[in-house]
>>> print(open('structure23.txt').read())   # compact mmCIF, N, CA and C atoms
# COMPACT_ATOMS: atom_id res chain seq x y z
N MET A 22 0.85 -1.17 0.00
CA MET A 22 0.00 0.00 0.00
C MET A 22 0.89 1.23 0.00
N GLY A 23 0.42 2.28 -0.62
CA GLY A 23 1.18 3.50 -0.70
C GLY A 23 0.27 4.71 -0.62
N PHE A 24 0.89 5.86 -0.79
CA PHE A 24 0.17 7.12 -0.71
C PHE A 24 0.45 7.91 -1.98
N VAL A 25 -0.60 8.39 -2.62
CA VAL A 25 -0.47 9.23 -3.81
C VAL A 25 -0.54 10.68 -3.35
N TRP A 26 0.50 11.44 -3.68
CA TRP A 26 0.55 12.85 -3.31
C TRP A 26 0.61 13.66 -4.59
N ILE A 27 -0.46 14.40 -4.86
CA ILE A 27 -0.49 15.26 -6.04
C ILE A 27 0.02 16.64 -5.61
N HIS A 28 1.11 17.06 -6.24
CA HIS A 28 1.77 18.32 -5.89
C HIS A 28 1.33 19.43 -6.85
N ARG A 29 0.87 20.52 -6.25
CA ARG A 29 0.49 21.68 -7.04
C ARG A 29 1.19 22.91 -6.48
N ASP A 30 1.38 23.91 -7.32
CA ASP A 30 1.97 25.16 -6.84
C ASP A 30 1.23 25.56 -5.58
N PRO A 31 1.92 25.58 -4.43
CA PRO A 31 1.22 25.86 -3.18
C PRO A 31 0.67 27.28 -3.08
N VAL A 32 1.24 28.22 -3.80
CA VAL A 32 0.71 29.58 -3.79
C VAL A 32 -0.67 29.58 -4.44
N LYS A 33 -0.78 28.92 -5.56
CA LYS A 33 -2.07 28.84 -6.25
C LYS A 33 -3.06 27.98 -5.47
N ALA A 34 -2.59 26.87 -4.92
CA ALA A 34 -3.47 25.99 -4.16
C ALA A 34 -4.01 26.69 -2.91
N LEU A 35 -3.15 27.42 -2.21
CA LEU A 35 -3.60 28.12 -1.00
C LEU A 35 -4.64 29.19 -1.36
N ALA A 36 -4.42 29.91 -2.45
CA ALA A 36 -5.39 30.92 -2.87
C ALA A 36 -6.73 30.27 -3.18
N SER A 37 -6.71 29.11 -3.79
CA SER A 37 -7.94 28.39 -4.10
C SER A 37 -8.65 27.96 -2.82
N VAL A 38 -7.90 27.46 -1.86
CA VAL A 38 -8.48 27.03 -0.58
C VAL A 38 -9.10 28.23 0.14
N VAL A 39 -8.37 29.34 0.17
CA VAL A 39 -8.89 30.55 0.83
C VAL A 39 -10.20 30.97 0.17
N ASN A 40 -10.24 30.96 -1.16
CA ASN A 40 -11.45 31.34 -1.87
C ASN A 40 -12.60 30.39 -1.55
N LEU A 41 -12.32 29.10 -1.56
CA LEU A 41 -13.36 28.11 -1.26
C LEU A 41 -13.88 28.28 0.16
N MET A 42 -12.97 28.43 1.12
CA MET A 42 -13.40 28.60 2.51
C MET A 42 -14.19 29.90 2.68
N GLY A 43 -13.76 30.95 2.01
CA GLY A 43 -14.49 32.20 2.08
C GLY A 43 -15.90 32.06 1.53
N THR A 44 -16.03 31.34 0.42
CA THR A 44 -17.34 31.11 -0.17
C THR A 44 -18.22 30.30 0.79
N LEU A 45 -17.67 29.27 1.38
CA LEU A 45 -18.45 28.45 2.31
C LEU A 45 -18.87 29.26 3.53
N LEU A 46 -17.97 30.08 4.05
CA LEU A 46 -18.31 30.90 5.21
C LEU A 46 -19.32 31.99 4.85
N TRP A 47 -19.17 32.55 3.66
CA TRP A 47 -20.10 33.58 3.21
C TRP A 47 -21.53 33.04 3.18
N CYS A 48 -21.67 31.77 2.81
CA CYS A 48 -22.99 31.14 2.77
C CYS A 48 -23.61 31.02 4.16
N ARG A 49 -22.76 31.03 5.19
CA ARG A 49 -23.25 30.76 6.54
C ARG A 49 -23.09 31.92 7.52
N SER A 50 -22.51 33.02 7.08
CA SER A 50 -22.20 34.09 8.03
C SER A 50 -22.21 35.45 7.36
N ASP A 51 -22.52 36.47 8.17
CA ASP A 51 -22.42 37.84 7.68
C ASP A 51 -21.03 38.42 7.88
N THR A 52 -20.16 37.70 8.61
CA THR A 52 -18.82 38.21 8.92
C THR A 52 -17.76 37.15 8.61
N PRO A 53 -17.58 36.82 7.34
CA PRO A 53 -16.56 35.82 7.01
C PRO A 53 -15.14 36.33 7.30
N PHE A 54 -14.25 35.42 7.45
CA PHE A 54 -12.83 35.68 7.65
C PHE A 54 -12.53 36.46 8.92
N THR A 55 -13.29 36.27 9.96
CA THR A 55 -13.01 36.97 11.20
C THR A 55 -12.71 36.01 12.34
N ASN A 56 -12.58 34.76 12.05
CA ASN A 56 -12.40 33.83 13.15
C ASN A 56 -11.03 33.18 13.08
N PHE A 57 -10.42 33.04 14.24
CA PHE A 57 -9.02 32.60 14.34
C PHE A 57 -8.73 31.27 13.64
N PRO A 58 -9.55 30.23 13.80
CA PRO A 58 -9.21 28.96 13.12
C PRO A 58 -9.08 29.11 11.61
N LEU A 59 -9.85 29.98 11.01
CA LEU A 59 -9.73 30.20 9.57
C LEU A 59 -8.37 30.79 9.24
N GLU A 60 -7.92 31.73 10.05
CA GLU A 60 -6.61 32.35 9.81
C GLU A 60 -5.51 31.30 9.89
N VAL A 61 -5.62 30.37 10.82
CA VAL A 61 -4.62 29.32 10.95
C VAL A 61 -4.61 28.45 9.69
N CYS A 62 -5.78 28.13 9.17
CA CYS A 62 -5.88 27.26 7.99
C CYS A 62 -5.41 27.93 6.71
N THR A 63 -5.43 29.25 6.68
CA THR A 63 -5.11 29.95 5.43
C THR A 63 -3.78 30.69 5.48
N ASP A 64 -3.01 30.52 6.53
CA ASP A 64 -1.73 31.20 6.68
C ASP A 64 -0.65 30.42 5.90
N ALA A 65 0.06 31.12 5.02
CA ALA A 65 1.07 30.47 4.17
C ALA A 65 2.16 29.80 4.99
N ASN A 66 2.59 30.43 6.07
CA ASN A 66 3.67 29.84 6.87
C ASN A 66 3.21 28.56 7.57
N MET A 67 1.97 28.55 8.03
CA MET A 67 1.42 27.33 8.65
C MET A 67 1.30 26.22 7.60
N ALA A 68 0.77 26.57 6.43
CA ALA A 68 0.63 25.59 5.35
C ALA A 68 1.99 25.07 4.92
N ALA A 69 2.97 25.95 4.83
CA ALA A 69 4.33 25.54 4.45
C ALA A 69 4.90 24.56 5.46
N GLY A 70 4.65 24.82 6.74
CA GLY A 70 5.12 23.90 7.77
C GLY A 70 4.50 22.52 7.63
N MET A 71 3.20 22.49 7.30
CA MET A 71 2.52 21.20 7.12
C MET A 71 3.05 20.47 5.89
N LEU A 72 3.38 21.20 4.83
CA LEU A 72 3.90 20.57 3.62
C LEU A 72 5.35 20.12 3.80
N SER A 73 6.08 20.79 4.67
CA SER A 73 7.49 20.45 4.88
C SER A 73 7.69 19.30 5.86
N GLN A 74 6.72 19.08 6.74
CA GLN A 74 6.88 18.02 7.73
C GLN A 74 7.14 16.64 7.11
N PRO A 75 6.41 16.26 6.07
CA PRO A 75 6.70 14.95 5.46
C PRO A 75 8.11 14.85 4.89
N ILE A 76 8.71 15.97 4.51
CA ILE A 76 10.10 15.95 4.02
C ILE A 76 11.01 15.43 5.14
N THR A 77 10.80 15.93 6.34
CA THR A 77 11.58 15.46 7.49
C THR A 77 11.36 13.97 7.69
N TRP A 78 10.12 13.52 7.62
CA TRP A 78 9.82 12.10 7.81
C TRP A 78 10.49 11.25 6.74
N ILE A 79 10.50 11.75 5.50
CA ILE A 79 11.16 11.01 4.42
C ILE A 79 12.66 10.93 4.68
N GLU A 80 13.26 12.07 4.98
CA GLU A 80 14.71 12.12 5.19
C GLU A 80 15.15 11.30 6.41
N GLU A 81 14.30 11.21 7.42
CA GLU A 81 14.62 10.41 8.61
C GLU A 81 14.29 8.93 8.41
N GLY A 82 13.65 8.60 7.30
CA GLY A 82 13.31 7.21 7.02
C GLY A 82 12.01 6.75 7.67
N ARG A 83 11.30 7.65 8.32
CA ARG A 83 10.03 7.27 8.94
C ARG A 83 8.93 7.12 7.91
N LEU A 84 9.07 7.78 6.78
CA LEU A 84 8.14 7.65 5.66
C LEU A 84 8.95 7.13 4.48
N PRO A 85 8.84 5.84 4.18
CA PRO A 85 9.66 5.27 3.10
C PRO A 85 9.32 5.89 1.74
N LYS A 86 10.35 6.35 1.04
CA LYS A 86 10.16 6.98 -0.27
C LYS A 86 9.40 6.06 -1.23
N GLU A 87 9.67 4.76 -1.15
CA GLU A 87 9.05 3.82 -2.08
C GLU A 87 7.55 3.65 -1.83
N ARG A 88 7.05 4.16 -0.71
CA ARG A 88 5.62 4.07 -0.41
C ARG A 88 4.87 5.33 -0.85
N LEU A 89 5.61 6.27 -1.43
CA LEU A 89 5.03 7.56 -1.82
C LEU A 89 5.05 7.67 -3.34
N CYS A 90 3.90 7.88 -3.92
CA CYS A 90 3.78 8.08 -5.37
C CYS A 90 3.53 9.57 -5.60
N ASN A 91 4.57 10.29 -6.02
CA ASN A 91 4.48 11.73 -6.23
C ASN A 91 4.02 12.03 -7.66
N VAL A 92 3.02 12.89 -7.77
CA VAL A 92 2.45 13.25 -9.06
C VAL A 92 2.37 14.77 -9.12
N GLN A 93 2.78 15.32 -10.24
CA GLN A 93 2.64 16.77 -10.44
C GLN A 93 1.24 17.06 -10.97
N TYR A 94 0.57 18.00 -10.35
CA TYR A 94 -0.80 18.38 -10.72
C TYR A 94 -0.89 18.75 -12.20
N LEU A 95 0.05 19.56 -12.68
CA LEU A 95 -0.02 19.99 -14.08
C LEU A 95 0.12 18.82 -15.04
N ASP A 96 0.92 17.81 -14.67
CA ASP A 96 1.02 16.60 -15.49
C ASP A 96 -0.33 15.88 -15.52
N PHE A 97 -0.99 15.82 -14.36
CA PHE A 97 -2.29 15.16 -14.27
C PHE A 97 -3.32 15.88 -15.14
N VAL A 98 -3.32 17.20 -15.12
CA VAL A 98 -4.26 17.97 -15.94
C VAL A 98 -3.96 17.77 -17.43
N ASP A 99 -2.68 17.77 -17.80
CA ASP A 99 -2.28 17.65 -19.20
C ASP A 99 -2.50 16.25 -19.77
N ASP A 100 -2.27 15.21 -18.95
CA ASP A 100 -2.32 13.84 -19.46
C ASP A 100 -2.81 12.88 -18.37
N PRO A 101 -4.10 12.99 -18.01
CA PRO A 101 -4.60 12.23 -16.87
C PRO A 101 -4.46 10.71 -17.01
N LEU A 102 -4.64 10.18 -18.19
CA LEU A 102 -4.57 8.73 -18.33
C LEU A 102 -3.15 8.20 -18.09
N ASN A 103 -2.16 8.89 -18.63
CA ASN A 103 -0.77 8.44 -18.39
C ASN A 103 -0.37 8.61 -16.94
N VAL A 104 -0.86 9.67 -16.29
CA VAL A 104 -0.56 9.85 -14.88
C VAL A 104 -1.26 8.76 -14.06
N ALA A 105 -2.49 8.43 -14.42
CA ALA A 105 -3.18 7.33 -13.73
C ALA A 105 -2.39 6.03 -13.88
N ALA A 106 -1.83 5.79 -15.06
CA ALA A 106 -1.01 4.59 -15.27
C ALA A 106 0.23 4.64 -14.37
N LYS A 107 0.83 5.82 -14.22
CA LYS A 107 1.98 5.98 -13.34
C LYS A 107 1.59 5.67 -11.88
N ILE A 108 0.42 6.13 -11.48
CA ILE A 108 -0.06 5.87 -10.13
C ILE A 108 -0.26 4.37 -9.92
N TYR A 109 -0.93 3.74 -10.86
CA TYR A 109 -1.12 2.29 -10.76
C TYR A 109 0.22 1.58 -10.62
N ASP A 110 1.16 1.97 -11.48
CA ASP A 110 2.49 1.36 -11.45
C ASP A 110 3.18 1.63 -10.11
N GLY A 111 3.09 2.86 -9.63
CA GLY A 111 3.72 3.24 -8.37
C GLY A 111 3.15 2.50 -7.18
N LEU A 112 1.90 2.08 -7.28
CA LEU A 112 1.26 1.34 -6.20
C LEU A 112 1.26 -0.17 -6.46
N ASN A 113 2.00 -0.57 -7.50
CA ASN A 113 2.10 -1.99 -7.88
C ASN A 113 0.73 -2.60 -8.16
N LEU A 114 -0.09 -1.84 -8.88
CA LEU A 114 -1.41 -2.31 -9.27
C LEU A 114 -1.45 -2.49 -10.78
N GLU A 115 -2.25 -3.40 -11.24
CA GLU A 115 -2.41 -3.60 -12.67
C GLU A 115 -3.55 -2.73 -13.18
N MET A 116 -3.26 -1.95 -14.20
CA MET A 116 -4.34 -1.18 -14.83
C MET A 116 -4.93 -2.07 -15.91
N THR A 117 -6.12 -2.55 -15.67
CA THR A 117 -6.78 -3.42 -16.63
C THR A 117 -7.30 -2.60 -17.81
N GLU A 118 -7.58 -3.27 -18.87
CA GLU A 118 -8.16 -2.61 -20.04
C GLU A 118 -9.53 -2.04 -19.67
N GLU A 119 -10.26 -2.75 -18.83
CA GLU A 119 -11.57 -2.26 -18.38
C GLU A 119 -11.43 -0.94 -17.61
N ALA A 120 -10.43 -0.85 -16.75
CA ALA A 120 -10.20 0.39 -15.99
C ALA A 120 -9.80 1.52 -16.93
N ARG A 121 -8.91 1.23 -17.87
CA ARG A 121 -8.47 2.25 -18.82
C ARG A 121 -9.64 2.78 -19.64
N VAL A 122 -10.48 1.88 -20.12
CA VAL A 122 -11.66 2.29 -20.91
C VAL A 122 -12.62 3.10 -20.05
N ALA A 123 -12.81 2.70 -18.80
CA ALA A 123 -13.71 3.44 -17.90
C ALA A 123 -13.19 4.85 -17.68
N MET A 124 -11.88 5.00 -17.52
CA MET A 124 -11.30 6.34 -17.33
C MET A 124 -11.48 7.18 -18.59
N LEU A 125 -11.20 6.59 -19.75
CA LEU A 125 -11.38 7.32 -21.01
C LEU A 125 -12.83 7.74 -21.20
N THR A 126 -13.75 6.84 -20.90
CA THR A 126 -15.18 7.14 -21.03
C THR A 126 -15.56 8.28 -20.11
N TYR A 127 -15.10 8.23 -18.87
CA TYR A 127 -15.41 9.30 -17.92
C TYR A 127 -14.88 10.64 -18.43
N MET A 128 -13.64 10.66 -18.91
CA MET A 128 -13.06 11.92 -19.40
C MET A 128 -13.81 12.45 -20.61
N GLU A 129 -14.26 11.55 -21.48
CA GLU A 129 -15.02 11.99 -22.66
C GLU A 129 -16.38 12.54 -22.27
N GLU A 130 -17.02 11.93 -21.27
CA GLU A 130 -18.35 12.36 -20.83
C GLU A 130 -18.31 13.57 -19.90
N ASN A 131 -17.16 13.85 -19.31
CA ASN A 131 -17.03 14.93 -18.33
C ASN A 131 -15.81 15.81 -18.62
N PRO A 132 -15.75 16.41 -19.80
CA PRO A 132 -14.56 17.22 -20.09
C PRO A 132 -14.49 18.45 -19.19
N ARG A 133 -13.28 18.88 -18.92
CA ARG A 133 -13.06 20.06 -18.08
C ARG A 133 -13.75 21.29 -18.68
N THR A 134 -13.90 21.32 -19.97
CA THR A 134 -14.51 22.47 -20.64
C THR A 134 -16.02 22.55 -20.40
N LYS A 135 -16.63 21.52 -19.82
CA LYS A 135 -18.07 21.52 -19.56
C LYS A 135 -18.44 22.33 -18.32
N ARG A 136 -17.47 22.69 -17.51
CA ARG A 136 -17.77 23.43 -16.29
C ARG A 136 -16.91 24.70 -16.25
N PRO A 137 -17.42 25.72 -15.60
CA PRO A 137 -16.65 26.96 -15.56
C PRO A 137 -15.39 26.80 -14.72
N ALA A 138 -14.39 27.55 -15.07
CA ALA A 138 -13.14 27.54 -14.31
C ALA A 138 -13.36 28.19 -12.95
N HIS A 139 -12.65 27.71 -11.95
CA HIS A 139 -12.67 28.30 -10.61
C HIS A 139 -11.80 29.55 -10.67
N ARG A 140 -12.39 30.70 -10.50
CA ARG A 140 -11.66 31.97 -10.60
C ARG A 140 -11.45 32.55 -9.21
N TYR A 141 -10.23 33.00 -8.97
CA TYR A 141 -9.87 33.57 -7.67
C TYR A 141 -8.57 34.34 -7.84
N SER A 142 -8.30 35.19 -6.89
CA SER A 142 -7.08 35.99 -6.91
C SER A 142 -5.98 35.30 -6.10
N VAL A 143 -4.76 35.35 -6.60
CA VAL A 143 -3.63 34.80 -5.85
C VAL A 143 -2.90 35.89 -5.08
N GLY A 144 -3.37 37.13 -5.18
CA GLY A 144 -2.73 38.23 -4.46
C GLY A 144 -1.79 39.02 -5.35
N ASP A 145 -1.16 39.99 -4.73
CA ASP A 145 -0.25 40.85 -5.48
C ASP A 145 1.18 40.29 -5.44
N GLY A 146 2.07 40.97 -6.11
CA GLY A 146 3.46 40.50 -6.22
C GLY A 146 4.15 40.32 -4.89
N ASP A 147 3.94 41.24 -3.95
CA ASP A 147 4.58 41.12 -2.63
C ASP A 147 4.06 39.91 -1.87
N ALA A 148 2.74 39.70 -1.91
CA ALA A 148 2.15 38.55 -1.22
C ALA A 148 2.64 37.24 -1.85
N ILE A 149 2.68 37.21 -3.16
CA ILE A 149 3.15 36.00 -3.85
C ILE A 149 4.61 35.73 -3.50
N SER A 150 5.44 36.77 -3.48
CA SER A 150 6.86 36.58 -3.14
C SER A 150 7.03 36.04 -1.73
N ALA A 151 6.26 36.55 -0.79
CA ALA A 151 6.35 36.09 0.60
C ALA A 151 5.91 34.63 0.71
N GLU A 152 4.82 34.29 0.02
CA GLU A 152 4.35 32.91 0.06
C GLU A 152 5.34 31.99 -0.66
N ARG A 153 5.88 32.45 -1.77
CA ARG A 153 6.85 31.63 -2.51
C ARG A 153 8.04 31.30 -1.62
N ALA A 154 8.51 32.27 -0.85
CA ALA A 154 9.62 32.03 0.08
C ALA A 154 9.24 31.00 1.14
N ALA A 155 8.02 31.10 1.65
CA ALA A 155 7.57 30.16 2.69
C ALA A 155 7.52 28.73 2.14
N PHE A 156 7.12 28.58 0.88
CA PHE A 156 6.94 27.25 0.29
C PHE A 156 8.19 26.73 -0.43
N LYS A 157 9.30 27.45 -0.37
CA LYS A 157 10.50 27.09 -1.13
C LYS A 157 10.98 25.66 -0.86
N GLU A 158 11.07 25.28 0.40
CA GLU A 158 11.56 23.94 0.71
C GLU A 158 10.71 22.86 0.05
N TYR A 159 9.41 22.99 0.19
CA TYR A 159 8.48 22.01 -0.40
C TYR A 159 8.62 21.97 -1.92
N GLN A 160 8.60 23.15 -2.56
CA GLN A 160 8.69 23.18 -4.02
C GLN A 160 10.02 22.63 -4.52
N ASP A 161 11.11 22.96 -3.84
CA ASP A 161 12.41 22.46 -4.26
C ASP A 161 12.51 20.95 -4.08
N TYR A 162 12.05 20.45 -2.95
CA TYR A 162 12.20 19.03 -2.64
C TYR A 162 11.41 18.15 -3.61
N PHE A 163 10.17 18.57 -3.92
CA PHE A 163 9.31 17.77 -4.79
C PHE A 163 9.28 18.28 -6.22
N ASP A 164 10.15 19.25 -6.54
CA ASP A 164 10.25 19.81 -7.89
C ASP A 164 8.89 20.30 -8.41
N VAL A 165 8.19 21.05 -7.57
CA VAL A 165 6.87 21.54 -7.91
C VAL A 165 7.00 22.87 -8.66
N PRO A 166 6.51 22.93 -9.90
CA PRO A 166 6.64 24.17 -10.66
C PRO A 166 5.70 25.25 -10.15
N SER A 167 6.12 26.48 -10.33
CA SER A 167 5.27 27.63 -10.01
C SER A 167 4.31 27.87 -11.15
N GLU A 168 3.04 28.12 -10.82
CA GLU A 168 2.03 28.42 -11.84
C GLU A 168 1.78 29.91 -11.96
N VAL A 169 2.18 30.67 -10.94
CA VAL A 169 1.99 32.13 -10.97
C VAL A 169 3.29 32.79 -10.64
>>> encode(input="structure23.txt", output="structure tokens")
Amino acid sequence: MGFVWIHRDPVKALASVVNLMGTLLWCRSDTPFTNFPLEVCTDANMAAGMLSQPITWIEEGRLPKERLCNVQYLDFVDDPLNVAAKIYDGLNLEMTEEARVAMLTYMEENPRTKRPAHRYSVGDGDAISAERAAFKEYQDYFDVPSEV
């Protein structure tokens, strides 16, 4: 058994999470973004610490590298079927022809172009630079490309 970790530019991912959480809170409150737990969940330095912790576990041998299947998000978006094959291979699973056909059928019936893009702001240049610095260790270790 293993763990599949899809790596995405953490600056863009954090902005998406903040937007999603803001939308969910807006649906339930007249005063979104005013509560401490939300700030903890959306703070770049806290998120960077959570993303960096597994690096320590890997380097110390507590998390065996061979049990981790690392996937780049942009690769998954560009070529989902080949990335799925990589995941199957990384987990020592056989991708049957039936599974491959089911994935192709799903992608044909549910293209990304059928739904609107999730739009949100990633912040200004100073905010992006500060977040980029916070996430440097994670991005360098897992070779995660910047999207913004």
>>> residues_near_point(input="structure23.txt", point="(-5.8, 34.7, -4.6)", cutoff="8 Å", atoms="only N, CA and C atoms", output="JSON list (two decimals) with N, CA and C atoms, in the coordinates of the input")
[["chain", "number", "residue", "atom", "x", "y", "z"],
["A", 32, "VAL", "N", 1.24, 28.22, -3.80],
["A", 32, "VAL", "CA", 0.71, 29.58, -3.79],
["A", 32, "VAL", "C", -0.67, 29.58, -4.44],
["A", 33, "LYS", "N", -0.78, 28.92, -5.56],
["A", 33, "LYS", "CA", -2.07, 28.84, -6.25],
["A", 33, "LYS", "C", -3.06, 27.98, -5.47],
["A", 35, "LEU", "N", -3.15, 27.42, -2.21],
["A", 35, "LEU", "CA", -3.60, 28.12, -1.00],
["A", 35, "LEU", "C", -4.64, 29.19, -1.36],
["A", 36, "ALA", "N", -4.42, 29.91, -2.45],
["A", 36, "ALA", "CA", -5.39, 30.92, -2.87],
["A", 36, "ALA", "C", -6.73, 30.27, -3.18],
["A", 37, "SER", "N", -6.71, 29.11, -3.79],
["A", 37, "SER", "CA", -7.94, 28.39, -4.10],
["A", 37, "SER", "C", -8.65, 27.96, -2.82],
["A", 39, "VAL", "N", -8.37, 29.34, 0.17],
["A", 39, "VAL", "CA", -8.89, 30.55, 0.83],
["A", 39, "VAL", "C", -10.20, 30.97, 0.17],
["A", 40, "ASN", "N", -10.24, 30.96, -1.16],
["A", 40, "ASN", "CA", -11.45, 31.34, -1.87],
["A", 40, "ASN", "C", -12.60, 30.39, -1.55],
["A", 140, "ARG", "N", -12.39, 30.70, -10.50],
["A", 140, "ARG", "CA", -11.66, 31.97, -10.60],
["A", 140, "ARG", "C", -11.45, 32.55, -9.21],
["A", 141, "TYR", "N", -10.23, 33.00, -8.97],
["A", 141, "TYR", "CA", -9.87, 33.57, -7.67],
["A", 141, "TYR", "C", -8.57, 34.34, -7.84],
["A", 142, "SER", "N", -8.30, 35.19, -6.89],
["A", 142, "SER", "CA", -7.08, 35.99, -6.91],
["A", 142, "SER", "C", -5.98, 35.30, -6.10],
["A", 143, "VAL", "N", -4.76, 35.35, -6.60],
["A", 143, "VAL", "CA", -3.63, 34.80, -5.85],
["A", 143, "VAL", "C", -2.90, 35.89, -5.08],
["A", 144, "GLY", "N", -3.37, 37.13, -5.18],
["A", 144, "GLY", "CA", -2.73, 38.23, -4.46],
["A", 144, "GLY", "C", -1.79, 39.02, -5.35],
["A", 145, "ASP", "N", -1.16, 39.99, -4.73],
["A", 145, "ASP", "CA", -0.25, 40.85, -5.48],
["A", 145, "ASP", "C", 1.18, 40.29, -5.44]]
>>> atom_distance(input="structure23.txt", atom1="CA of Gly111 (chain A)", atom2="CA of Tyr94 (chain A)")
16.0 Å
>>> residues_around(input="structure23.txt", residues="Gln74 (chain A)", least_positions_apart="5", cutoff="12 Å", atoms="only C-alpha atoms", output="list in words")
Met67, Ala68, Ala69, Ile79, Glu80, Glu81, Arg83, Leu84, Phe156, Glu158, Tyr159 and Tyr162 of chain A
>>> select_by_dssp(input="structure23.txt", residues="chain A", states="strand (DSSP E or B)", output="PyMOL selection string")
chain A and resi 24-28+89-93
>>> write_last_selection(input="structure23.txt", atoms="N, CA and C atoms", output="CSV table (one decimal), in the frame of the given file")
chain,number,residue,atom,x,y,z
A,24,PHE,N,0.9,5.9,-0.8
A,24,PHE,CA,0.2,7.1,-0.7
A,24,PHE,C,0.4,7.9,-2.0
A,25,VAL,N,-0.6,8.4,-2.6
A,25,VAL,CA,-0.5,9.2,-3.8
A,25,VAL,C,-0.5,10.7,-3.4
A,26,TRP,N,0.5,11.4,-3.7
A,26,TRP,CA,0.6,12.8,-3.3
A,26,TRP,C,0.6,13.7,-4.6
A,27,ILE,N,-0.5,14.4,-4.9
A,27,ILE,CA,-0.5,15.3,-6.0
A,27,ILE,C,0.0,16.6,-5.6
A,28,HIS,N,1.1,17.1,-6.2
A,28,HIS,CA,1.8,18.3,-5.9
A,28,HIS,C,1.3,19.4,-6.8
A,89,LEU,N,5.6,6.3,-1.4
A,89,LEU,CA,5.0,7.6,-1.8
A,89,LEU,C,5.0,7.7,-3.3
A,90,CYS,N,3.9,7.9,-3.9
A,90,CYS,CA,3.8,8.1,-5.4
A,90,CYS,C,3.5,9.6,-5.6
A,91,ASN,N,4.6,10.3,-6.0
A,91,ASN,CA,4.5,11.7,-6.2
A,91,ASN,C,4.0,12.0,-7.7
A,92,VAL,N,3.0,12.9,-7.8
A,92,VAL,CA,2.4,13.2,-9.1
A,92,VAL,C,2.4,14.8,-9.1
A,93,GLN,N,2.8,15.3,-10.2
A,93,GLN,CA,2.6,16.8,-10.4
A,93,GLN,C,1.2,17.1,-11.0
>>> atom_distance(input="structure23.txt", atom1="CA of Lys107 (chain A)", atom2="CA of Cys90 (chain A)")
8.4 Å
>>> atom_distance(input="structure23.txt", atom1="atom N of Asn131 (chain A)", atom2="CA of Pro31 (chain A)")
27.2 Å
>>> residues_around(input="structure23.txt", residues="Val165 (chain A)", least_positions_apart="4", cutoff="6.5 Å", atoms="only N, CA and C atoms", output="ChimeraX atom specification")
/A:28-30,159-161
>>> closest_residue(input="structure23.txt", among="A:Ile149, A:Ile108, A:Met124, A:Leu114", to="Ser167 (chain A)", atoms="only C-alpha atoms")
A:Ile149
>>> select_by_dssp(input="structure23.txt", residues="chain A", states="helix (DSSP H, G or I)", output="VMD selection string")
chain A and resid 31 to 49 57 to 63 65 to 81 86 to 88 94 to 99 101 to 111 118 to 130 133 to 135 146 to 155 157 to 163
>>> closest_residue(input="structure23.txt", among="A:Gln93, A:Val122, A:Pro137, A:Asp110", to="Asp164 (chain A)", atoms="all atoms listed in the file")
A:Gln93
>>> closest_residue(input="structure23.txt", among="A:Thr117, A:Ile27, A:Pro101, A:Lys157", to="Pro132 (chain A)", atoms="only C-alpha atoms")
A:Pro101
>>> closest_residue(input="structure23.txt", among="A:Trp26, A:Pro85, A:Ala123, A:Ala65", to="Glu152 (chain A)", atoms="all atoms listed in the file")
A:Ala65
